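Coordinates as given in protein20.pdb (PDB, C-alpha atoms):
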ATOM      1  CA  MET K   1     -15.334 -35.166  14.006
ATOM      2  CA  THR K   2     -13.054 -34.369  11.097
ATOM      3  CA  SER K   3     -11.345 -31.013  11.008
ATOM      4  CA  SER K   4     -12.431 -28.249   8.691
ATOM      5  CA  SER K   5      -9.966 -26.902   6.225
ATOM      6  CA  TRP K   6      -9.358 -24.591   3.343
ATOM      7  CA  SER K   7      -8.303 -26.019  -0.010
ATOM      8  CA  SER K   8      -6.583 -23.885  -2.618
ATOM      9  CA  ASN K   9      -5.879 -24.686  -6.237
ATOM     10  CA  ALA K  10      -4.975 -22.665  -9.297
ATOM     11  CA  LEU K  11      -4.594 -22.929 -13.010
ATOM     12  CA  ALA K  12      -1.966 -20.966 -14.933
ATOM     13  CA  THR K  13      -2.794 -20.978 -18.623
ATOM     14  CA  GLY K  14       0.238 -19.018 -19.764
ATOM     15  CA  HIS K  15      -1.979 -15.996 -20.378
ATOM     16  CA  GLU K  16      -2.925 -13.880 -17.326
ATOM     17  CA  LEU K  17      -6.331 -13.123 -18.791
ATOM     18  CA  TYR K  18      -7.329 -16.783 -18.299
ATOM     19  CA  ASP K  19      -5.441 -17.659 -15.090
ATOM     20  CA  PHE K  20      -7.727 -18.851 -12.323
ATOM     21  CA  SER K  21      -7.397 -19.575  -8.578
ATOM     22  CA  ARG K  22      -9.926 -21.018  -6.146
ATOM     23  CA  LEU K  23      -9.999 -21.232  -2.348
ATOM     24  CA  ARG K  24     -12.729 -23.509  -1.022
ATOM     25  CA  TYR K  25     -13.943 -24.227   2.486
ATOM     26  CA  ILE K  26     -14.269 -27.927   3.308
ATOM     27  CA  SER K  27     -16.860 -28.263   6.083
ATOM     28  CA  ASN K  28     -16.633 -30.545   9.088
ATOM     29  CA  THR K  29     -20.436 -30.746   9.168
ATOM     30  CA  PRO K  30     -21.483 -34.059   7.617
ATOM     31  CA  HIS K  31     -23.673 -33.678   4.545
ATOM     32  CA  CYS K  32     -23.803 -29.864   4.752
ATOM     33  CA  PRO K  33     -25.110 -28.757   1.335
ATOM     34  CA  LEU K  34     -23.926 -25.117   1.616
ATOM     35  CA  HIS K  35     -20.408 -24.416   0.335
ATOM     36  CA  PHE K  36     -18.287 -21.281   0.225
ATOM     37  CA  GLU K  37     -15.449 -20.487  -2.144
ATOM     38  CA  ILE K  38     -13.432 -17.540  -3.344
ATOM     39  CA  ILE K  39     -12.447 -17.281  -7.001
ATOM     40  CA  LYS K  40      -9.649 -15.067  -8.336
ATOM     41  CA  MET K  41      -9.538 -14.188 -12.023
ATOM     42  CA  GLN K  42      -7.141 -11.475 -13.133
ATOM     43  CA  ASP K  43      -7.261  -8.952 -10.265
ATOM     44  CA  LYS K  44     -10.871  -9.665  -9.320
ATOM     45  CA  ILE K  45     -11.873 -11.711  -6.267
ATOM     46  CA  ILE K  46     -15.390 -13.159  -6.164
ATOM     47  CA  GLY K  47     -17.091 -14.798  -3.181
ATOM     48  CA  LEU K  48     -19.486 -17.601  -4.104
ATOM     49  CA  ILE K  49     -22.007 -19.626  -2.143
ATOM     50  CA  SER K  50     -23.231 -22.851  -3.685
ATOM     51  CA  LEU K  51     -25.556 -25.689  -2.832
ATOM     52  CA  GLU K  52     -25.029 -29.369  -3.349
ATOM     53  CA  ARG K  53     -28.162 -31.450  -4.084
ATOM     54  CA  PHE K  54     -30.534 -28.480  -3.685
ATOM     55  CA  HIS K  55     -31.554 -25.297  -5.489
ATOM     56  CA  PHE K  56     -31.997 -21.826  -4.082
ATOM     57  CA  THR K  57     -35.486 -20.317  -4.155
ATOM     58  CA  HIS K  58     -36.599 -19.688  -7.728
ATOM     59  CA  THR K  59     -36.118 -15.926  -7.650
ATOM     60  CA  GLU K  60     -33.536 -13.599  -9.163
ATOM     61  CA  THR K  61     -31.939 -12.904  -5.761
ATOM     62  CA  VAL K  62     -31.678 -14.619  -2.375
ATOM     63  CA  LEU K  63     -31.129 -12.841   0.937
ATOM     64  CA  VAL K  64     -27.696 -13.747   2.305
ATOM     65  CA  THR K  65     -26.749 -12.906   5.875
ATOM     66  CA  ILE K  66     -23.128 -12.987   6.983
ATOM     67  CA  LYS K  67     -22.683 -12.894  10.750
ATOM     68  CA  VAL K  68     -19.349 -11.987  12.341
ATOM     69  CA  ASP K  69     -19.476 -11.746  16.136
ATOM     70  CA  ASP K  70     -22.741  -9.838  16.646
ATOM     71  CA  VAL K  71     -22.507  -7.854  13.401
ATOM     72  CA  LEU K  72     -24.720  -8.778  10.446
ATOM     73  CA  PHE K  73     -23.995  -8.010   6.802
ATOM     74  CA  GLU K  74     -26.953  -8.647   4.507
ATOM     75  CA  GLU K  75     -27.425  -8.520   0.778
ATOM     76  CA  ALA K  76     -29.722  -9.743  -1.955
ATOM     77  CA  ALA K  77     -27.297 -11.993  -3.847
ATOM     78  CA  PRO K  78     -27.993 -12.813  -7.490
ATOM     79  CA  VAL K  79     -28.849 -16.435  -8.246
ATOM     80  CA  HIS K  80     -26.812 -17.922 -11.095
ATOM     81  CA  GLU K  81     -28.398 -19.944 -13.881
ATOM     82  CA  GLY K  82     -29.242 -23.418 -12.590
ATOM     83  CA  GLY K  83     -30.223 -22.055  -9.162
ATOM     84  CA  MET K  84     -27.361 -23.656  -7.222
ATOM     85  CA  ARG K  85     -24.903 -20.739  -6.888
ATOM     86  CA  LEU K  86     -24.916 -17.148  -5.586
ATOM     87  CA  SER K  87     -22.354 -14.363  -5.952
ATOM     88  CA  LEU K  88     -21.517 -12.139  -3.006
ATOM     89  CA  SER K  89     -20.821  -8.441  -3.448
ATOM     90  CA  GLU K  90     -17.191  -7.297  -3.402
ATOM     91  CA  GLU K  91     -17.890  -5.449  -0.147
ATOM     92  CA  ASN K  92     -19.283  -8.489   1.695
ATOM     93  CA  THR K  93     -16.552 -10.711   0.268
ATOM     94  CA  ARG K  94     -13.994  -8.270   1.748
ATOM     95  CA  HIS K  95     -15.815  -8.281   5.140
ATOM     96  CA  LEU K  96     -15.786 -12.068   5.150
ATOM     97  CA  ILE K  97     -12.075 -12.324   4.209
ATOM     98  CA  ARG K  98     -11.078  -9.698   6.790
ATOM     99  CA  ALA K  99     -13.013 -11.471   9.570
ATOM    100  CA  LEU K 100     -11.405 -14.834   8.751
ATOM    101  CA  GLN K 101      -7.932 -13.230   8.658
ATOM    102  CA  GLU K 102      -8.652 -11.807  12.117
ATOM    103  CA  GLY K 103      -9.402 -15.334  13.355
ATOM    104  CA  LYS K 104     -13.162 -14.850  13.666
ATOM    105  CA  HIS K 105     -15.807 -17.453  12.870
ATOM    106  CA  VAL K 106     -18.143 -16.431  10.059
ATOM    107  CA  CYS K 107     -21.714 -17.693   9.816
ATOM    108  CA  ILE K 108     -23.370 -17.665   6.381
ATOM    109  CA  LEU K 109     -27.152 -17.963   6.152
ATOM    110  CA  ALA K 110     -28.848 -18.252   2.765
ATOM    111  CA  ASP K 111     -32.336 -19.449   1.912
ATOM    112  CA  GLY K 112     -32.690 -21.578   5.056
ATOM    113  CA  PHE K 113     -29.187 -23.091   4.785
ATOM    114  CA  GLU K 114     -26.349 -22.304   7.173
ATOM    115  CA  GLU K 115     -22.592 -22.838   7.331
ATOM    116  CA  VAL K 116     -20.052 -21.617   9.887
ATOM    117  CA  LEU K 117     -16.601 -20.994   8.433
ATOM    118  CA  GLU K 118     -13.722 -21.830  10.747
ATOM    119  CA  PRO K 119     -10.834 -19.338  10.608
ATOM    120  CA  SER K 120      -8.088 -21.875  11.360
ATOM    121  CA  GLN K 121      -5.765 -22.325   8.366
ATOM    122  CA  PHE K 122      -7.481 -19.476   6.486
ATOM    123  CA  SER K 123      -4.675 -16.898   6.533
ATOM    124  CA  SER K 124      -2.005 -19.258   5.215
ATOM    125  CA  SER K 125      -4.408 -20.756   2.668
ATOM    126  CA  PHE K 126      -5.465 -17.279   1.521
ATOM    127  CA  SER K 127      -1.836 -16.200   1.082
ATOM    128  CA  GLN K 128      -1.197 -19.298  -1.020
ATOM    129  CA  PHE K 129      -4.395 -18.654  -2.984
ATOM    130  CA  MET K 130      -3.323 -15.108  -3.806
ATOM    131  CA  GLY K 131       0.024 -16.212  -5.255
ATOM    132  CA  GLU K 132      -0.422 -19.827  -6.353
ATOM    133  CA  LYS K 133      -0.325 -20.825 -10.021
ATOM    134  CA  THR K 134       0.113 -24.279 -11.494
ATOM    135  CA  PRO K 135       0.978 -24.423 -15.219
ATOM    136  CA  ILE K 136      -1.222 -26.440 -17.576
ATOM    137  CA  LYS K 137       0.592 -29.518 -18.848
TER     138      LYS K 137
END

Can you give me the file's structure in the form of structure tokens?
Amino acid sequence: MTSSSWSSNALATGHELYDFSRLRYISNTPHCPLHFEIIKMQDKIIGLISLERFHFTHTETVLVTIKVDDVLFEEAAPVHEGGMRLSLSEENTRHLIRALQEGKHVCILADGFEEVLEPSQFSSSFSQFMGEKTPIK
């Protein structure tokens, strides 16, 4: 089994309005189509769930359940054009980040797909994500 990890990268354009950072979870589950990432643009942080090789149900929203310990956070997340990506609310993104910083496993369920996020390496990766910028060459 390979270890799970968090991968952070950023792009500094020279203009804060267009700077961009991304923190992505790399699963240890072979061929898991569900992915989680956090995007930072300006002062806004967005949690995204995406599918690889599949599409979410052809509706405007998909029920997403985030499970931390025995607590469930649910929301109807909007489906982006193309049907392969969902945006989480700011509130549920904060719950998810807080749980991972506390060292808790987070289970994401969406449209019949599931992924468990491992908290190891999250705090240091998140700190790097919040401050990392690489200039465009």

Please report, as CSV, each residue of segment 56-101 of chain K lying at most 7 Å from segment 39-51 of chain K, together with the nearest pair of atoms and the separation in Å rounded to one decimal; use all atoms listed in the file, and order rows by chain and ascending residue number.
residue,atom,partner,partner_atom,distance
K:Met84,CA,K:Leu51,CA,5.2
K:Arg85,CA,K:Ser50,CA,4.2
K:Leu86,CA,K:Ile49,CA,5.1
K:Ser87,CA,K:Leu48,CA,4.7
K:Leu88,CA,K:Gly47,CA,5.2
K:Glu90,CA,K:Ile46,CA,6.7
K:Thr93,CA,K:Gly47,CA,5.4

Output C-alpha atoms for every residue in the selection just made, as a PDB file, keeping the file's coordinate frame.
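Done, and the output landed in out.pdb:
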ATOM      1  CA  MET K  84     -27.361 -23.656  -7.222  1.00  0.00           C
ATOM      2  CA  ARG K  85     -24.903 -20.739  -6.888  1.00  0.00           C
ATOM      3  CA  LEU K  86     -24.916 -17.148  -5.586  1.00  0.00           C
ATOM      4  CA  SER K  87     -22.354 -14.363  -5.952  1.00  0.00           C
ATOM      5  CA  LEU K  88     -21.517 -12.139  -3.006  1.00  0.00           C
ATOM      6  CA  GLU K  90     -17.191  -7.297  -3.402  1.00  0.00           C
ATOM      7  CA  THR K  93     -16.552 -10.711   0.268  1.00  0.00           C
TER       8      THR K  93
END

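Residue membership of the PyMOL selection byres ((chain K and resi 122) around 9) in the shown file amounts to Ser5, Trp6, Tyr25, Ile97, Leu100, Gln101, Gly103, Glu118, Pro119, Ser120, Gln121, Ser123, Ser124, Ser125, Phe126 and Ser127 of chain K.
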
Original post:
Any chance you could work out the residue set of the PyMOL selection byres ((chain K and resi 58-74) around 10) here, as JSON, numbers by chain?
Top reply: {"K": [49, 55, 56, 57, 75, 76, 77, 78, 79, 80, 81, 82, 83, 86, 87, 88, 91, 92, 93, 95, 96, 99, 100, 104, 105, 106, 107, 108, 109, 110, 111, 112, 113, 114, 115, 116]}

Subject >> Evaluate the PyMOL selection byres ((chain K and resi 27) around 10) and report residues as a list in words >> reply: Thr2, Ser3, Ser4, Ser5, Trp6, Arg24, Tyr25, Ile26, Asn28, Thr29, Pro30, His31, Cys32, Pro33, Leu34, His35, Phe36, Glu115, Val116, Leu117 and Glu118 of chain K

Original post:
Do you have the atom CA of Arg98 of chain K-atom CA of Gln128 of chain K distance handy?
Top reply: 15.8 Å

Reconstruct N, CA and C atoms of segment 23-37 of chain K; output as a JSON list (two decimals), in the coordinates of the input.
[["chain", "number", "residue", "atom", "x", "y", "z"],
["K", 23, "LEU", "N", -10.18, -20.86, -3.75],
["K", 23, "LEU", "CA", -10.00, -21.23, -2.35],
["K", 23, "LEU", "C", -11.36, -21.68, -1.85],
["K", 24, "ARG", "N", -11.44, -22.92, -1.40],
["K", 24, "ARG", "CA", -12.73, -23.51, -1.02],
["K", 24, "ARG", "C", -12.69, -23.97, 0.43],
["K", 25, "TYR", "N", -13.80, -23.76, 1.12],
["K", 25, "TYR", "CA", -13.94, -24.23, 2.49],
["K", 25, "TYR", "C", -14.51, -25.64, 2.48],
["K", 26, "ILE", "N", -13.82, -26.54, 3.17],
["K", 26, "ILE", "CA", -14.27, -27.93, 3.31],
["K", 26, "ILE", "C", -14.85, -28.06, 4.71],
["K", 27, "SER", "N", -16.15, -28.25, 4.81],
["K", 27, "SER", "CA", -16.86, -28.26, 6.08],
["K", 27, "SER", "C", -16.60, -29.53, 6.89],
["K", 28, "ASN", "N", -16.70, -29.36, 8.22],
["K", 28, "ASN", "CA", -16.63, -30.54, 9.09],
["K", 28, "ASN", "C", -18.03, -31.03, 9.44],
["K", 29, "THR", "N", -19.05, -30.34, 8.93],
["K", 29, "THR", "CA", -20.44, -30.75, 9.17],
["K", 29, "THR", "C", -20.83, -31.79, 8.14],
["K", 30, "PRO", "N", -21.13, -33.01, 8.58],
["K", 30, "PRO", "CA", -21.48, -34.06, 7.62],
["K", 30, "PRO", "C", -22.69, -33.67, 6.77],
["K", 31, "HIS", "N", -22.57, -33.87, 5.50],
["K", 31, "HIS", "CA", -23.67, -33.68, 4.54],
["K", 31, "HIS", "C", -24.19, -32.24, 4.48],
["K", 32, "CYS", "N", -23.38, -31.26, 4.86],
["K", 32, "CYS", "CA", -23.80, -29.86, 4.75],
["K", 32, "CYS", "C", -23.84, -29.47, 3.28],
["K", 33, "PRO", "N", -25.00, -29.05, 2.76],
["K", 33, "PRO", "CA", -25.11, -28.76, 1.34],
["K", 33, "PRO", "C", -24.58, -27.38, 0.94],
["K", 34, "LEU", "N", -24.38, -26.47, 1.93],
["K", 34, "LEU", "CA", -23.93, -25.12, 1.62],
["K", 34, "LEU", "C", -22.40, -25.07, 1.58],
["K", 35, "HIS", "N", -21.86, -24.51, 0.51],
["K", 35, "HIS", "CA", -20.41, -24.42, 0.34],
["K", 35, "HIS", "C", -20.02, -22.97, 0.06],
["K", 36, "PHE", "N", -18.82, -22.62, 0.48],
["K", 36, "PHE", "CA", -18.29, -21.28, 0.22],
["K", 36, "PHE", "C", -16.95, -21.40, -0.48],
["K", 37, "GLU", "N", -16.74, -20.53, -1.47],
["K", 37, "GLU", "CA", -15.45, -20.49, -2.14],
["K", 37, "GLU", "C", -15.16, -19.08, -2.62]]
